[in-house]
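Peer 1: This is the content of final.pdb (PDB, C-alpha atoms):
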MODEL        1
ATOM      1  CA  MET A   1      56.231 114.072  99.346
ATOM      2  CA  ASN A   2      57.755 112.925  96.059
ATOM      3  CA  LYS A   3      55.973 109.681  95.113
ATOM      4  CA  PHE A   4      58.184 108.800  92.145
ATOM      5  CA  ASP A   5      58.748 105.054  91.857
ATOM      6  CA  PHE A   6      62.522 104.547  91.760
ATOM      7  CA  LEU A   7      61.973 100.817  92.221
ATOM      8  CA  ASN A   8      60.829 100.344  88.636
ATOM      9  CA  PRO A   9      63.604  98.175  87.107
ATOM     10  CA  GLU A  10      62.691  99.365  83.604
ATOM     11  CA  LEU A  11      63.967 102.891  84.275
ATOM     12  CA  ARG A  12      66.904 104.193  82.260
ATOM     13  CA  VAL A  13      69.321 105.272  84.955
ATOM     14  CA  LEU A  14      72.136 107.797  84.893
ATOM     15  CA  ASN A  15      74.267 106.774  87.873
ATOM     16  CA  TYR A  16      76.935 109.041  89.316
ATOM     17  CA  THR A  17      79.082 107.127  91.754
ATOM     18  CA  HIS A  18      82.233 107.756  93.749
ATOM     19  CA  VAL A  19      85.657 106.721  92.429
ATOM     20  CA  ASP A  20      86.556 104.008  94.934
ATOM     21  CA  MET A  21      85.615 100.434  95.819
ATOM     22  CA  ASP A  22      82.468 101.588  97.616
ATOM     23  CA  GLY A  23      81.448 103.529  94.535
ATOM     24  CA  VAL A  24      81.847 100.540  92.235
ATOM     25  CA  GLY A  25      80.041  98.311  94.751
ATOM     26  CA  SER A  26      77.102 100.718  94.708
ATOM     27  CA  TYR A  27      77.079 100.615  90.908
ATOM     28  CA  ILE A  28      77.154  96.808  90.923
ATOM     29  CA  VAL A  29      73.968  96.797  93.012
ATOM     30  CA  LEU A  30      72.242  99.223  90.612
ATOM     31  CA  ARG A  31      73.513  97.307  87.595
ATOM     32  CA  ASN A  32      71.911  94.142  88.963
ATOM     33  CA  TYR A  33      68.604  95.892  89.568
ATOM     34  CA  TYR A  34      68.040  98.095  86.515
ATOM     35  CA  LYS A  35      68.060  96.892  82.920
ATOM     36  CA  LYS A  36      69.865 100.036  81.749
ATOM     37  CA  CYS A  37      72.349 101.872  83.962
ATOM     38  CA  ASP A  38      74.810 104.378  82.501
ATOM     39  CA  VAL A  39      77.559 104.958  85.062
ATOM     40  CA  GLN A  40      79.659 108.109  85.333
ATOM     41  CA  LEU A  41      82.495 108.378  87.831
ATOM     42  CA  ILE A  42      82.631 111.450  90.033
ATOM     43  CA  ASN A  43      84.698 112.964  92.817
ATOM     44  CA  TYR A  44      84.392 116.018  95.000
ATOM     45  CA  ASN A  45      84.919 119.420  93.353
ATOM     46  CA  GLN A  46      83.892 117.987  89.968
ATOM     47  CA  GLU A  47      80.195 118.873  90.093
ATOM     48  CA  THR A  48      80.263 120.918  86.886
ATOM     49  CA  LYS A  49      80.892 117.686  84.993
ATOM     50  CA  ILE A  50      77.431 116.518  86.049
ATOM     51  CA  THR A  51      75.444 119.416  84.613
ATOM     52  CA  ASN A  52      77.517 119.396  81.424
ATOM     53  CA  TYR A  53      76.766 115.698  80.875
ATOM     54  CA  ILE A  54      73.047 116.162  81.583
ATOM     55  CA  GLU A  55      72.828 118.962  79.024
ATOM     56  CA  GLN A  56      74.648 116.898  76.402
ATOM     57  CA  ASN A  57      72.580 113.740  76.919
ATOM     58  CA  LYS A  58      69.007 114.932  77.385
ATOM     59  CA  GLY A  59      66.450 112.235  76.658
ATOM     60  CA  GLU A  60      68.935 109.387  77.150
ATOM     61  CA  PHE A  61      67.833 108.566  80.712
ATOM     62  CA  ASP A  62      64.751 108.746  82.945
ATOM     63  CA  VAL A  63      66.268 109.315  86.399
ATOM     64  CA  ILE A  64      69.528 110.363  88.028
ATOM     65  CA  ILE A  65      70.861 108.304  90.930
ATOM     66  CA  PHE A  66      73.819 109.400  93.027
ATOM     67  CA  SER A  67      75.447 106.554  94.937
ATOM     68  CA  ASP A  68      78.189 106.994  97.536
ATOM     69  CA  PHE A  69      78.264 110.681  96.608
ATOM     70  CA  THR A  70      76.191 113.829  97.085
ATOM     71  CA  PRO A  71      76.807 116.794  94.761
ATOM     72  CA  ILE A  72      76.913 120.195  96.422
ATOM     73  CA  ASN A  73      74.917 121.598  93.479
ATOM     74  CA  LEU A  74      72.048 119.153  94.057
ATOM     75  CA  LYS A  75      69.365 121.842  93.724
ATOM     76  CA  THR A  76      70.721 122.940  90.324
ATOM     77  CA  ILE A  77      70.703 119.336  89.110
ATOM     78  CA  LYS A  78      67.092 118.876  90.250
ATOM     79  CA  ASP A  79      66.131 121.977  88.278
ATOM     80  CA  TYR A  80      66.691 119.984  85.065
ATOM     81  CA  GLY A  81      63.451 118.185  85.852
ATOM     82  CA  TYR A  82      64.704 114.613  86.210
ATOM     83  CA  PRO A  83      63.738 112.618  89.305
ATOM     84  CA  VAL A  84      66.810 112.401  91.547
ATOM     85  CA  LEU A  85      67.671 109.763  94.140
ATOM     86  CA  VAL A  86      70.658 110.072  96.491
ATOM     87  CA  LEU A  87      72.044 107.077  98.417
ATOM     88  CA  ASP A  88      75.106 108.293 100.280
ATOM     89  CA  HIS A  89      76.853 107.891 103.610
ATOM     90  CA  HIS A  90      79.446 110.659 103.777
ATOM     91  CA  GLU A  91      79.236 112.633 106.991
ATOM     92  CA  SER A  92      79.949 115.885 105.148
ATOM     93  CA  ALA A  93      76.637 115.379 103.289
ATOM     94  CA  LYS A  94      74.441 114.798 106.377
ATOM     95  CA  HIS A  95      72.766 118.191 106.020
ATOM     96  CA  PHE A  96      71.314 117.069 102.671
ATOM     97  CA  HIS A  97      69.394 114.178 104.292
ATOM     98  CA  ASN A  98      65.720 114.505 103.343
ATOM     99  CA  PRO A  99      63.780 111.261 102.712
ATOM    100  CA  ASP A 100      60.757 113.264 101.518
ATOM    101  CA  GLU A 101      62.960 114.449  98.628
ATOM    102  CA  ASN A 102      64.536 111.002  98.054
ATOM    103  CA  VAL A 103      67.859 112.015  99.590
ATOM    104  CA  PHE A 104      69.143 109.380 102.005
ATOM    105  CA  ILE A 105      72.352 109.960 103.964
ATOM    106  CA  ASP A 106      73.210 107.202 106.435
ATOM    107  CA  VAL A 107      76.698 107.359 107.953
ATOM    108  CA  LEU A 108      76.348 103.947 109.624
ATOM    109  CA  ARG A 109      76.441 102.008 106.336
ATOM    110  CA  SER A 110      78.720 102.175 103.331
ATOM    111  CA  GLY A 111      77.247 103.449 100.086
ATOM    112  CA  THR A 112      77.199  99.882  98.757
ATOM    113  CA  LYS A 113      75.286  98.532 101.748
ATOM    114  CA  LEU A 114      72.884 101.461 101.653
ATOM    115  CA  CYS A 115      72.104 100.710  97.997
ATOM    116  CA  TYR A 116      71.810  96.997  98.697
ATOM    117  CA  ASP A 117      69.368  97.518 101.571
ATOM    118  CA  PHE A 118      67.335  99.979  99.497
ATOM    119  CA  TYR A 119      66.811  97.598  96.557
ATOM    120  CA  LYS A 120      66.695  94.200  98.247
ATOM    121  CA  ARG A 121      63.124  95.027  99.301
ATOM    122  CA  SER A 122      62.044  94.633  95.693
ATOM    123  CA  ALA A 123      64.429  92.101  94.165
ATOM    124  CA  ASP A 124      66.444  89.066  95.166
ATOM    125  CA  LEU A 125      69.988  90.423  95.356
ATOM    126  CA  SER A 126      71.236  87.827  97.831
ATOM    127  CA  LYS A 127      74.003  86.704  95.466
ATOM    128  CA  LEU A 128      75.690  90.054  96.203
ATOM    129  CA  GLU A 129      75.417  89.864  99.984
ATOM    130  CA  GLU A 130      78.954  88.609 100.685
ATOM    131  CA  LEU A 131      80.499  91.136  98.322
ATOM    132  CA  VAL A 132      78.456  93.912  99.938
ATOM    133  CA  GLU A 133      79.691  92.932 103.410
ATOM    134  CA  ILE A 134      83.303  92.839 102.229
ATOM    135  CA  ILE A 135      83.038  96.348 100.794
ATOM    136  CA  ASN A 136      81.170  97.629 103.844
ATOM    137  CA  ASP A 137      83.886  96.235 106.130
ATOM    138  CA  TYR A 138      86.655  98.039 104.277
ATOM    139  CA  ASP A 139      84.909 101.320 103.585
ATOM    140  CA  LEU A 140      83.922 101.792 107.234
ATOM    141  CA  MET A 141      87.449 100.737 108.271
ATOM    142  CA  LEU A 142      86.061  97.964 110.448
ATOM    143  CA  LEU A 143      88.699  95.576 109.033
ATOM    144  CA  LYS A 144      87.097  92.527 110.639
ATOM    145  CA  ASN A 145      86.869  90.662 107.332
ATOM    146  CA  ASN A 146      90.306  89.517 106.218
ATOM    147  CA  LYS A 147      89.192  89.614 102.574
ATOM    148  CA  SER A 148      88.254  93.278 102.477
ATOM    149  CA  LYS A 149      91.710  94.829 102.150
ATOM    150  CA  PHE A 150      92.573  92.343  99.394
ATOM    151  CA  PHE A 151      89.507  93.327  97.396
ATOM    152  CA  ASN A 152      90.473  96.969  97.769
ATOM    153  CA  GLN A 153      93.937  96.140  96.453
ATOM    154  CA  LEU A 154      92.370  94.417  93.443
ATOM    155  CA  TYR A 155      90.175  97.454  92.807
ATOM    156  CA  TRP A 156      93.088  99.888  92.733
ATOM    157  CA  ARG A 157      95.222  97.540  90.653
ATOM    158  CA  TYR A 158      92.696  96.688  87.930
ATOM    159  CA  GLY A 159      90.282  99.627  88.045
ATOM    160  CA  PHE A 160      86.595 100.446  88.217
ATOM    161  CA  ASN A 161      85.365  98.745  85.034
ATOM    162  CA  TRP A 162      87.316  95.555  85.668
ATOM    163  CA  PHE A 163      85.982  95.304  89.216
ATOM    164  CA  ALA A 164      82.394  95.925  88.071
ATOM    165  CA  ASP A 165      82.618  93.204  85.414
ATOM    166  CA  ARG A 166      84.570  90.768  87.573
ATOM    167  CA  PHE A 167      82.249  90.837  90.592
ATOM    168  CA  GLU A 168      78.936  91.716  88.924
ATOM    169  CA  HIS A 169      77.443  88.359  89.883
ATOM    170  CA  GLY A 170      78.799  88.320  93.438
ATOM    171  CA  LYS A 171      81.254  85.456  92.912
ATOM    172  CA  ILE A 172      84.037  86.343  95.326
ATOM    173  CA  GLU A 173      86.306  83.302  95.011
ATOM    174  CA  LEU A 174      89.586  84.589  93.608
ATOM    175  CA  TYR A 175      91.359  83.152  90.593
ATOM    176  CA  GLN A 176      94.923  81.931  91.000
ATOM    177  CA  GLU A 177      96.345  84.867  89.049
ATOM    178  CA  GLU A 178      94.550  87.251  91.407
ATOM    179  CA  LYS A 179      95.986  85.438  94.425
ATOM    180  CA  ASP A 180      99.429  85.615  92.842
ATOM    181  CA  PHE A 181      99.007  89.356  92.345
ATOM    182  CA  LEU A 182      98.124  89.837  96.005
ATOM    183  CA  VAL A 183     101.304  88.029  97.089
ATOM    184  CA  ARG A 184     103.395  90.190  94.753
ATOM    185  CA  HIS A 185     101.566  93.266  95.940
ATOM    186  CA  SER A 186     102.312  92.494  99.586
ATOM    187  CA  ASN A 187     106.018  92.050  98.867
ATOM    188  CA  GLU A 188     106.150  95.216  96.763
ATOM    189  CA  PHE A 189     104.468  97.227  99.510
ATOM    190  CA  LYS A 190     106.960  96.037 102.119
ATOM    191  CA  GLU A 191     109.828  97.174  99.908
ATOM    192  CA  PHE A 192     108.053 100.455  99.096
ATOM    193  CA  PHE A 193     107.380 101.259 102.745
ATOM    194  CA  SER A 194     110.955 100.516 103.785
ATOM    195  CA  LYS A 195     112.110 103.338 101.457
ATOM    196  CA  LEU A 196     109.241 105.783 102.042
ATOM    197  CA  GLU A 197     110.044 109.175 103.543
ATOM    198  CA  VAL A 198     107.809 109.627 106.563
ATOM    199  CA  SER A 199     107.614 112.929 108.453
ATOM    200  CA  ASP A 200     106.322 112.968 112.025
ATOM    201  CA  LEU A 201     103.890 115.766 112.924
ATOM    202  CA  ASP A 202     102.594 117.322 116.138
ATOM    203  CA  ASN A 203     100.328 115.190 118.321
ATOM    204  CA  ASN A 204     101.560 111.915 116.839
ATOM    205  CA  GLY A 205     100.592 112.682 113.266
ATOM    206  CA  VAL A 206     102.419 111.770 110.079
ATOM    207  CA  PHE A 207     102.877 113.260 106.611
ATOM    208  CA  VAL A 208     103.818 111.353 103.467
ATOM    209  CA  SER A 209     103.744 112.244  99.784
ATOM    210  CA  THR A 210     102.945 109.402  97.409
ATOM    211  CA  THR A 211     100.427 108.206  94.828
ATOM    212  CA  LYS A 212     101.117 104.518  95.475
ATOM    213  CA  PHE A 213      99.743 101.897  97.858
ATOM    214  CA  LEU A 214      97.269 104.308  99.466
ATOM    215  CA  GLY A 215      95.017 101.726 101.100
ATOM    216  CA  ASP A 216      97.936  99.663 102.368
ATOM    217  CA  LEU A 217      99.622 102.804 103.644
ATOM    218  CA  ASP A 218      96.533 103.868 105.583
ATOM    219  CA  ILE A 219      96.313 100.503 107.336
ATOM    220  CA  LYS A 220     100.074 100.331 108.019
ATOM    221  CA  LEU A 221     100.198 103.808 109.578
ATOM    222  CA  ARG A 222      97.202 102.956 111.756
ATOM    223  CA  GLU A 223      98.985  99.819 112.911
ATOM    224  CA  LEU A 224     102.020 101.930 113.820
ATOM    225  CA  GLY A 225      99.817 103.987 116.128
ATOM    226  CA  TYR A 226      99.704 107.345 114.357
ATOM    227  CA  GLN A 227      96.716 109.436 115.442
ATOM    228  CA  TYR A 228      96.267 111.094 112.059
ATOM    229  CA  MET A 229      97.786 110.821 108.600
ATOM    230  CA  ILE A 230      98.128 113.450 105.885
ATOM    231  CA  ILE A 231      98.886 111.812 102.538
ATOM    232  CA  TYR A 232      99.580 114.156  99.636
ATOM    233  CA  ARG A 233      98.787 112.539  96.287
ATOM    234  CA  GLY A 234      99.957 115.082  93.729
ATOM    235  CA  ASP A 235      96.681 116.997  93.457
ATOM    236  CA  LYS A 236      94.797 115.829  96.509
ATOM    237  CA  TYR A 237      95.189 115.425 100.251
ATOM    238  CA  SER A 238      93.862 112.188 101.722
ATOM    239  CA  ILE A 239      93.548 112.750 105.459
ATOM    240  CA  ARG A 240      92.826 109.923 107.856
ATOM    241  CA  ALA A 241      92.209 109.876 111.599
ATOM    242  CA  ASN A 242      92.917 107.070 114.013
ATOM    243  CA  ASN A 243      91.410 108.751 117.060
ATOM    244  CA  ASP A 244      87.718 109.247 117.828
ATOM    245  CA  LYS A 245      88.468 112.730 119.181
ATOM    246  CA  ILE A 246      89.302 113.917 115.653
ATOM    247  CA  ASN A 247      86.507 115.085 113.331
ATOM    248  CA  LEU A 248      87.946 115.652 109.864
ATOM    249  CA  VAL A 249      84.608 116.816 108.446
ATOM    250  CA  GLU A 250      84.840 119.805 110.792
ATOM    251  CA  VAL A 251      88.387 120.407 109.546
ATOM    252  CA  CYS A 252      87.077 120.507 105.975
ATOM    253  CA  LYS A 253      84.294 122.917 106.948
ATOM    254  CA  THR A 254      86.798 125.288 108.542
ATOM    255  CA  LEU A 255      89.090 125.109 105.516
ATOM    256  CA  GLY A 256      86.163 125.459 103.125
ATOM    257  CA  LYS A 257      87.404 122.543 101.046
ATOM    258  CA  GLY A 258      86.895 118.809 100.638
ATOM    259  CA  GLY A 259      84.593 116.363 102.338
ATOM    260  CA  GLY A 260      84.027 112.782 103.359
ATOM    261  CA  HIS A 261      83.750 111.042 106.709
ATOM    262  CA  LYS A 262      84.536 112.020 110.265
ATOM    263  CA  GLN A 263      87.780 110.030 110.088
ATOM    264  CA  ALA A 264      88.527 110.038 106.351
ATOM    265  CA  VAL A 265      88.328 113.001 103.979
ATOM    266  CA  GLY A 266      89.741 114.127 100.666
ATOM    267  CA  ILE A 267      90.714 117.658  99.674
ATOM    268  CA  PHE A 268      91.702 118.634  96.138
ATOM    269  CA  TYR A 269      94.355 121.327  96.525
ATOM    270  CA  LYS A 270      97.908 122.113  95.474
ATOM    271  CA  PHE A 271     100.908 121.379  97.676
ATOM    272  CA  ASP A 272     101.155 124.255 100.129
ATOM    273  CA  GLU A 273     103.117 124.182 103.381
ATOM    274  CA  GLU A 274     100.910 126.822 104.985
ATOM    275  CA  PHE A 275      97.807 124.795 104.065
ATOM    276  CA  ILE A 276      99.348 121.690 105.650
ATOM    277  CA  ARG A 277     100.203 123.661 108.801
ATOM    278  CA  ASN A 278      96.572 124.781 108.980
ATOM    279  CA  ILE A 279      95.397 121.160 108.810
ATOM    280  CA  ILE A 280      97.815 120.160 111.572
ATOM    281  CA  SER A 281      96.741 123.118 113.708
ATOM    282  CA  LEU A 282      93.033 122.305 113.363
ATOM    283  CA  ILE A 283      93.540 118.628 114.218
ATOM    284  CA  SER A 284      95.832 119.493 117.129
ATOM    285  CA  GLY A 285      93.229 121.967 118.368
ATOM    286  CA  GLN A 286      90.615 119.218 118.461
ATOM    287  CA  LEU A 287      92.921 116.825 120.311
ATOM    288  CA  ASN A 288      94.008 119.447 122.823
ATOM    289  CA  ALA A 289      90.435 120.634 123.416
ATOM    290  CA  ASN A 290      89.289 117.087 124.093
ATOM    291  CA  THR A 291      92.243 116.515 126.420
ATOM    292  CA  ASP A 292      91.392 119.671 128.385
ATOM    293  CA  ASN A 293      87.826 118.523 128.753
TER     294      ASN A 293
ENDMDL
END
Could the structure of this file be written out as structure tokens, please?
Peer 2:
Amino acid sequence: MNKFDFLNPELRVLNYTHVDMDGVGSYIVLRNYYKKCDVQLINYNQETKITNYIEQNKGEFDVIIFSDFTPINLKTIKDYGYPVLVLDHHESAKHFHNPDENVFIDVLRSGTKLCYDFYKRSADLSKLEELVEIINDYDLMLLKNNKSKFFNQLYWRYGFNWFADRFEHGKIELYQEEKDFLVRHSNEFKEFFSKLEVSDLDNNGVFVSTTKFLGDLDIKLRELGYQYMIIYRGDKYSIRANNDKINLVEVCKTLGKGGGHKQAVGIFYKFDEEFIRNIISLISGQLNANTDN
């Protein structure tokens, strides 16, 4: 068993974290724990960026920590000799789970909450608790906290670095200008959605092509009762399910592309009608199989 002490706050950390609110929440936890934490943003299918950065910055860090993300080339990264810790919750990464090798995959908690629970054993991080719960609520699509979707809107409006600086100390009360933005945002989304071209798919699915208002769109389409949503974003498919019978991780495995959660995955791929038909067919197959059973 690897006995390396990742709980030493003096470590110089290279943190790779996912490009979303859960990713920045995970980084905020690490930033509050370690005295030096160099963050690099990462997404699926970008693993070569990791090894390139390691080679170019040897000696600048002591450990590598992946939060809210698991690289598929994890073994290659470990071969560089740095201690590696993984704190992730994506279902597509479950097969990497190996606590003896410091790889923790827990699909029941967001990446932020997983990081928080890991480090709160050794430091008082209670000032972050409310922020952690807000992020956990949104990332798991529980949507029981009425603040969570607003924080996600702020993240996508102002960006990763702004969010990390703004909420580093866990102070979640919003400034008036932030509240004003959220009102404008709500009105702009209503106008945007009224003009959006929406295509119905088999088995009560929906297809849209847009790079705007992605979080709001996901929630709105769920509210309208669609069972699954395929959102094309210019270079990526964001696919969401609103039915427990659908397992999008299995869809990704069959396609050989993308990853994420059972009900939310991302696939980097060009626009291709045949590819979209394949996605629809796989999801429909799951729904029909479950209906037959």
Peer 1: Please evaluate the PyMOL selection byres ((chain A and resi 15) around 9) against the structure above and give the resulting residues as a tab-separated table (two decimals) with C-alpha atoms, in the coordinates of the input.
Peer 2:
chain	number	residue	atom	x	y	z
A	13	VAL	CA	69.32	105.27	84.96
A	14	LEU	CA	72.14	107.80	84.89
A	16	TYR	CA	76.94	109.04	89.32
A	17	THR	CA	79.08	107.13	91.75
A	27	TYR	CA	77.08	100.62	90.91
A	30	LEU	CA	72.24	99.22	90.61
A	37	CYS	CA	72.35	101.87	83.96
A	38	ASP	CA	74.81	104.38	82.50
A	39	VAL	CA	77.56	104.96	85.06
A	40	GLN	CA	79.66	108.11	85.33
A	41	LEU	CA	82.50	108.38	87.83
A	63	VAL	CA	66.27	109.32	86.40
A	64	ILE	CA	69.53	110.36	88.03
A	65	ILE	CA	70.86	108.30	90.93
A	66	PHE	CA	73.82	109.40	93.03
A	67	SER	CA	75.45	106.55	94.94
Peer 1: I need the residue set behind the PyMOL selection byres ((chain A and resi 253) around 12) for this file; please write it as an MDAnalysis selection string.
Peer 2: chainID A and resid 91:93 247:252 254:262 265 267 279 282
Peer 1: Skip A:His169 itself and residues of its chain fewer than 3 positions away, then list as a CSV table (one decimal) with C-alpha atoms, keeping the file's coordinate frame all residues within 9 Å of it, counting all atoms listed in the file.
Peer 2:
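In the end it all went to out_13.csv:
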chain,number,residue,atom,x,y,z
A,28,ILE,CA,77.2,96.8,90.9
A,32,ASN,CA,71.9,94.1,89.0
A,127,LYS,CA,74.0,86.7,95.5
A,128,LEU,CA,75.7,90.1,96.2
A,165,ASP,CA,82.6,93.2,85.4
A,166,ARG,CA,84.6,90.8,87.6
A,172,ILE,CA,84.0,86.3,95.3
Peer 1: Find the residues around A:Arg222 up to 10 Å (only C-alpha atoms counted), leave out those fewer than 4 positions away in its own chain, and share them as a list of chain:residue names.
Peer 2: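 My reading of the contact set: A:Asp216, A:Leu217, A:Asp218, A:Tyr226, A:Gln227, A:Tyr228, A:Met229, A:Arg240, A:Ala241, A:Asn242, A:Asn243.
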Peer 1: Nearest to A:Asn278: which of A:Asp5, A:Ile230, A:Lys113, A:Ile50 is it, counting all atoms listed in the file?
Peer 2: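 Answer, going by the shortest atom-to-atom distance: A:Ile230.
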Peer 1: The residues within 10 Å of (69.1, 121.1, 86.3), using all atoms listed in the file and the coordinates of the file, should be reported as a JSON list (two decimals) with C-alpha atoms, in the coordinates of the input; which are they?
Peer 2:
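The resulting file, result.json, is reproduced below:
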[["chain", "number", "residue", "atom", "x", "y", "z"],
["A", 50, "ILE", "CA", 77.43, 116.52, 86.05],
["A", 51, "THR", "CA", 75.44, 119.42, 84.61],
["A", 52, "ASN", "CA", 77.52, 119.40, 81.42],
["A", 54, "ILE", "CA", 73.05, 116.16, 81.58],
["A", 55, "GLU", "CA", 72.83, 118.96, 79.02],
["A", 73, "ASN", "CA", 74.92, 121.60, 93.48],
["A", 74, "LEU", "CA", 72.05, 119.15, 94.06],
["A", 75, "LYS", "CA", 69.36, 121.84, 93.72],
["A", 76, "THR", "CA", 70.72, 122.94, 90.32],
["A", 77, "ILE", "CA", 70.70, 119.34, 89.11],
["A", 78, "LYS", "CA", 67.09, 118.88, 90.25],
["A", 79, "ASP", "CA", 66.13, 121.98, 88.28],
["A", 80, "TYR", "CA", 66.69, 119.98, 85.06],
["A", 81, "GLY", "CA", 63.45, 118.18, 85.85],
["A", 82, "TYR", "CA", 64.70, 114.61, 86.21]]
Peer 1: Could you tell me which residues the PyMOL selection byres ((chain A and resi 106) around 10) grabs in this file, written as a ChimeraX atom specification?
Peer 2: /A:87-91,93-94,97,103-105,107-111,114
Peer 1: How about saving the chosen residues, C-alpha atoms kept, as a CSV table (one decimal), in the coordinates of the input?
Peer 2:
chain,number,residue,atom,x,y,z
A,87,LEU,CA,72.0,107.1,98.4
A,88,ASP,CA,75.1,108.3,100.3
A,89,HIS,CA,76.9,107.9,103.6
A,90,HIS,CA,79.4,110.7,103.8
A,91,GLU,CA,79.2,112.6,107.0
A,93,ALA,CA,76.6,115.4,103.3
A,94,LYS,CA,74.4,114.8,106.4
A,97,HIS,CA,69.4,114.2,104.3
A,103,VAL,CA,67.9,112.0,99.6
A,104,PHE,CA,69.1,109.4,102.0
A,105,ILE,CA,72.4,110.0,104.0
A,107,VAL,CA,76.7,107.4,108.0
A,108,LEU,CA,76.3,103.9,109.6
A,109,ARG,CA,76.4,102.0,106.3
A,110,SER,CA,78.7,102.2,103.3
A,111,GLY,CA,77.2,103.4,100.1
A,114,LEU,CA,72.9,101.5,101.7
Peer 1: Mind giving me the straight-line distance from atom CA of A:Lys120 to atom CA of A:Asn136 in Å, one decimal?
Peer 2: 15.9 Å
Peer 1: So what do you get for atom CA of A:Glu273 versus atom CA of A:Glu197, distance-wise?
Peer 2: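 We find that atom CA of A:Glu273 and atom CA of A:Glu197 lie 16.5 Å from each other.
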Peer 1: At what distance in Å, to one decimal, does atom CA of A:Arg31 lie from atom CA of A:Phe118?
Peer 2: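 Computed distance, atom CA of A:Phe118 to atom CA of A:Arg31, equals 13.7 Å.
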Peer 1: List every protein, DNA or RNA residue that has an atom no more than 12 Å from (85.0, 87.0, 92.4) in the file's coordinate frame, counting all atoms listed in the file, and report them as number ranges by chain.
Peer 2: A: 127-128, 130-131, 134, 147, 150-151, 154-155, 162-176, 178-179
Peer 1: Counting only C-alpha atoms, which of A:Ser284, A:Met21, A:Ser199, A:Leu221 gets nearest to A:Ser148?
Peer 2: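 Between A:Ser284, A:Met21, A:Ser199, A:Leu221, the residue approaching A:Ser148 most closely is A:Met21.
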Peer 1: For stretch 208-220 of chain A, I'd like the enclosing box, axis-aligned and padded by 4 Å on every side, reported as AutoDock Vina command-line options with centre and edge lengths in Å to one decimal.
Peer 2:
--center_x 99.4 --center_y 106.0 --center_z 101.4 --size_x 16.8 --size_y 20.6 --size_z 21.2
Peer 1: For A:Arg277, which of A:Glu191, A:Asp202, A:Glu129, A:Glu60 is the closest residue, counting all atoms listed in the file?
Peer 2: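 Closest to A:Arg277 of all the choices is A:Asp202.
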Peer 1: Which of these residues is nearest to A:Phe213, using only C-alpha atoms: A:Tyr34, A:Phe192, A:Tyr232, A:Tyr158?
Peer 2: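 Using only C-alpha atoms, the shortest distance to A:Phe213 belongs to A:Phe192.
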Peer 1: When you count only C-alpha atoms, which of these residues is closest to A:His18: A:Phe160, A:Gln263, A:Leu140, A:Thr48?
Peer 2: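 Smallest distance to A:His18 is found for A:Phe160.
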Peer 1: Excluding A:Ser122 and residues on its chain fewer than 3 positions from it, collect all residues at most 12 Å away from it, counting all atoms listed in the file, and give them as an MDAnalysis selection string.
Peer 2: chainID A and resid 5:9 32:34 115:119 125:126
Peer 1: Please provide as a ChimeraX atom specification all residues within 9 Å of A:Ile231, with the sequence filter that same-chain residues fewer than 3 positions apart are discarded (counting only C-alpha atoms).
Peer 2: /A:206-211,214,218,236-240
Peer 1: Using the atoms already present, construct N, CA, C and O atoms for stretch 97-105 of chain A and hand them back as an mmCIF file, in the coordinates of the input.
Peer 2:
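Contents of the output file selection.cif:
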data_model
loop_
_atom_site.group_PDB
_atom_site.id
_atom_site.type_symbol
_atom_site.label_atom_id
_atom_site.label_comp_id
_atom_site.auth_asym_id
_atom_site.auth_seq_id
_atom_site.Cartn_x
_atom_site.Cartn_y
_atom_site.Cartn_z
ATOM 1 N N HIS A 97 70.330 115.273 104.027
ATOM 2 C CA HIS A 97 69.394 114.178 104.292
ATOM 3 C C HIS A 97 67.954 114.675 104.320
ATOM 4 O O HIS A 97 67.583 115.554 105.105
ATOM 5 N N ASN A 98 67.120 114.105 103.434
ATOM 6 C CA ASN A 98 65.720 114.505 103.343
ATOM 7 C C ASN A 98 64.946 113.400 102.621
ATOM 8 O O ASN A 98 64.772 113.452 101.400
ATOM 9 N N PRO A 99 64.485 112.379 103.343
ATOM 10 C CA PRO A 99 63.780 111.261 102.712
ATOM 11 C C PRO A 99 62.578 111.701 101.884
ATOM 12 O O PRO A 99 62.254 111.058 100.877
ATOM 13 N N ASP A 100 61.907 112.792 102.287
ATOM 14 C CA ASP A 100 60.757 113.264 101.518
ATOM 15 C C ASP A 100 61.161 113.700 100.109
ATOM 16 O O ASP A 100 60.329 113.729 99.199
ATOM 17 N N GLU A 101 62.439 114.054 99.941
ATOM 18 C CA GLU A 101 62.960 114.449 98.628
ATOM 19 C C GLU A 101 63.859 113.376 98.027
ATOM 20 O O GLU A 101 64.640 113.642 97.102
ATOM 21 N N ASN A 102 63.768 112.142 98.564
ATOM 22 C CA ASN A 102 64.536 111.002 98.054
ATOM 23 C C ASN A 102 66.044 111.199 98.203
ATOM 24 O O ASN A 102 66.829 110.750 97.357
ATOM 25 N N VAL A 103 66.437 111.850 99.279
ATOM 26 C CA VAL A 103 67.859 112.015 99.590
ATOM 27 C C VAL A 103 68.124 111.300 100.912
ATOM 28 O O VAL A 103 67.638 111.723 101.970
ATOM 29 N N PHE A 104 68.893 110.214 100.840
ATOM 30 C CA PHE A 104 69.143 109.380 102.005
ATOM 31 C C PHE A 104 70.632 109.390 102.335
ATOM 32 O O PHE A 104 71.452 108.918 101.542
ATOM 33 N N ILE A 105 70.970 109.931 103.491
ATOM 34 C CA ILE A 105 72.352 109.960 103.964
ATOM 35 C C ILE A 105 72.407 109.173 105.264
ATOM 36 O O ILE A 105 71.795 109.563 106.256
#
